[in-house]
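Novice: Sharing a structure with you now.
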Amino acid sequence: VFSAANFPPQLRVALAALTAFLIAPLVPMTAAGRADLWGLVGLMVLEVAFGLLLGFASRMLFYALEIAGGLVATEVGLMIPAGINPLTPGTTSEISTIFQYLAAMLFLTLNLHHGLLAAFQRSYQFLPIGGGALQPQLLVDILGRTSHLFWVAVQVAAPVVAVSFIISLVFAFLGRAVPPMNVFAANFSVRLLAGLAAFGLTRQL
């Protein structure tokens, strides 16, 4: 939620500093204080890398919903008029924006951000400062979880994709049965209405 493009970077840094200030007394003591300068620099780089991996993993759901919104918008014909999404630096479809706003609203309403902060604090118990290393197995696991995003996105967009496929199949038969019929013009409006209806009736979130 706080990684949105319209969220000021100064507030991000202030929230990160406040979170670090609150969590620091709960972090177990390590032998990092006896390291030299370059050892501390390497330790900081390693901790930043682990923090970026945790942040990327915690944002995977929003990435999946953005992909699902793109699939839905492509099927119903709303991908061409791309709009400005405040949560992303570029332009995305309106369906992706709706998905991300719903996910952010549920994320904050269900107090999941409290659990996320608690998980970040407990990560120091499972992975103490200086006690981990960037192994190939970790990167392979992150890549595997990233590839799972597409499967989640397809599941979220499946009802609209199925409705769009059925309508395309019906109009393909109509185009063969009635050759003078302008299938493309009629297909677009029907796919748009039926896709939006299926999108509104499904409760994937």
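Here's how to read the names in the structure tokens: chain A, B, ... by the order shown, residue numbers from 1 in each chain, ligand numbers from 1 in the order shown.
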Using only C-alpha atoms, determine which residues lie at most 8 Å from Ala157 of chain A, disregarding the query and same-chain residues fewer than 6 positions distant; provide the list as a list in words.

Specialist: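 In the requested format, the answer is Ala68, Gly69, Leu71 and Val72 of chain A.
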
Novice: Grab the atom CA of Gln10 of chain A to atom CA of Gln125 of chain A distance for me, in Å with one decimal place.

Specialist: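 Calculated distance between atom CA of Gln10 of chain A and atom CA of Gln125 of chain A is 29.2 Å.
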
Novice: Which residues of segment 117-202 of chain A come within 12 Å of segment 100-112 of chain A, and for each one, what is the closest pair of atoms and their distance in Å to one decimal, counting only C-alpha atoms, sorted by chain and residue number, as CSV?

Specialist:
residue,atom,partner,partner_atom,distance
A:Leu117,CA,A:Leu112,CA,8.8
A:Ala118,CA,A:Leu112,CA,9.8
A:Ala119,CA,A:Leu112,CA,10.5

Novice: Could you write out the selected residues, including N, CA, C and O atoms, as a PDB file, in the first residue's frame?

Specialist:
ATOM      1  N   LEU A 117       3.614  -6.520  10.041  1.00  0.00           N
ATOM      2  CA  LEU A 117       4.654  -5.939  10.892  1.00  0.00           C
ATOM      3  C   LEU A 117       5.149  -6.962  11.917  1.00  0.00           C
ATOM      4  O   LEU A 117       6.358  -7.029  12.208  1.00  0.00           O
ATOM      5  N   ALA A 118       4.223  -7.754  12.468  1.00  0.00           N
ATOM      6  CA  ALA A 118       4.643  -8.802  13.407  1.00  0.00           C
ATOM      7  C   ALA A 118       5.505  -9.848  12.712  1.00  0.00           C
ATOM      8  O   ALA A 118       6.465 -10.367  13.302  1.00  0.00           O
ATOM      9  N   ALA A 119       5.185 -10.160  11.460  1.00  0.00           N
ATOM     10  CA  ALA A 119       5.995 -11.134  10.713  1.00  0.00           C
ATOM     11  C   ALA A 119       7.383 -10.584  10.441  1.00  0.00           C
ATOM     12  O   ALA A 119       8.387 -11.323  10.529  1.00  0.00           O
TER      13      ALA A 119
END

Novice: Taking the backbone alone, and naming residues the way the document does, which bits of segment 54-128 of chain A are strand (DSSP E) by DSSP, as an MDAnalysis selection string?

Specialist: chainID A and resid 83:84 91:92

Novice: With only C-alpha atoms as the counted atoms, please give the residues lying no more than 12 Å from Phe199 of chain A, apart from itself and same-chain residues fewer than 6 positions off, as a list in words.

Specialist: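 So, after excluding close chain neighbours, the residues are Ala68, Gly69, Leu71, Val72, Ala73, Glu75, Val76, Ile95, Ser96, Ile98, Phe99, Val156, Ala157, Ala158, Pro159, Val160, Val161, Ala162, Val163, Ser164, Arg191, Leu192, Leu193 and Leu205 of chain A.
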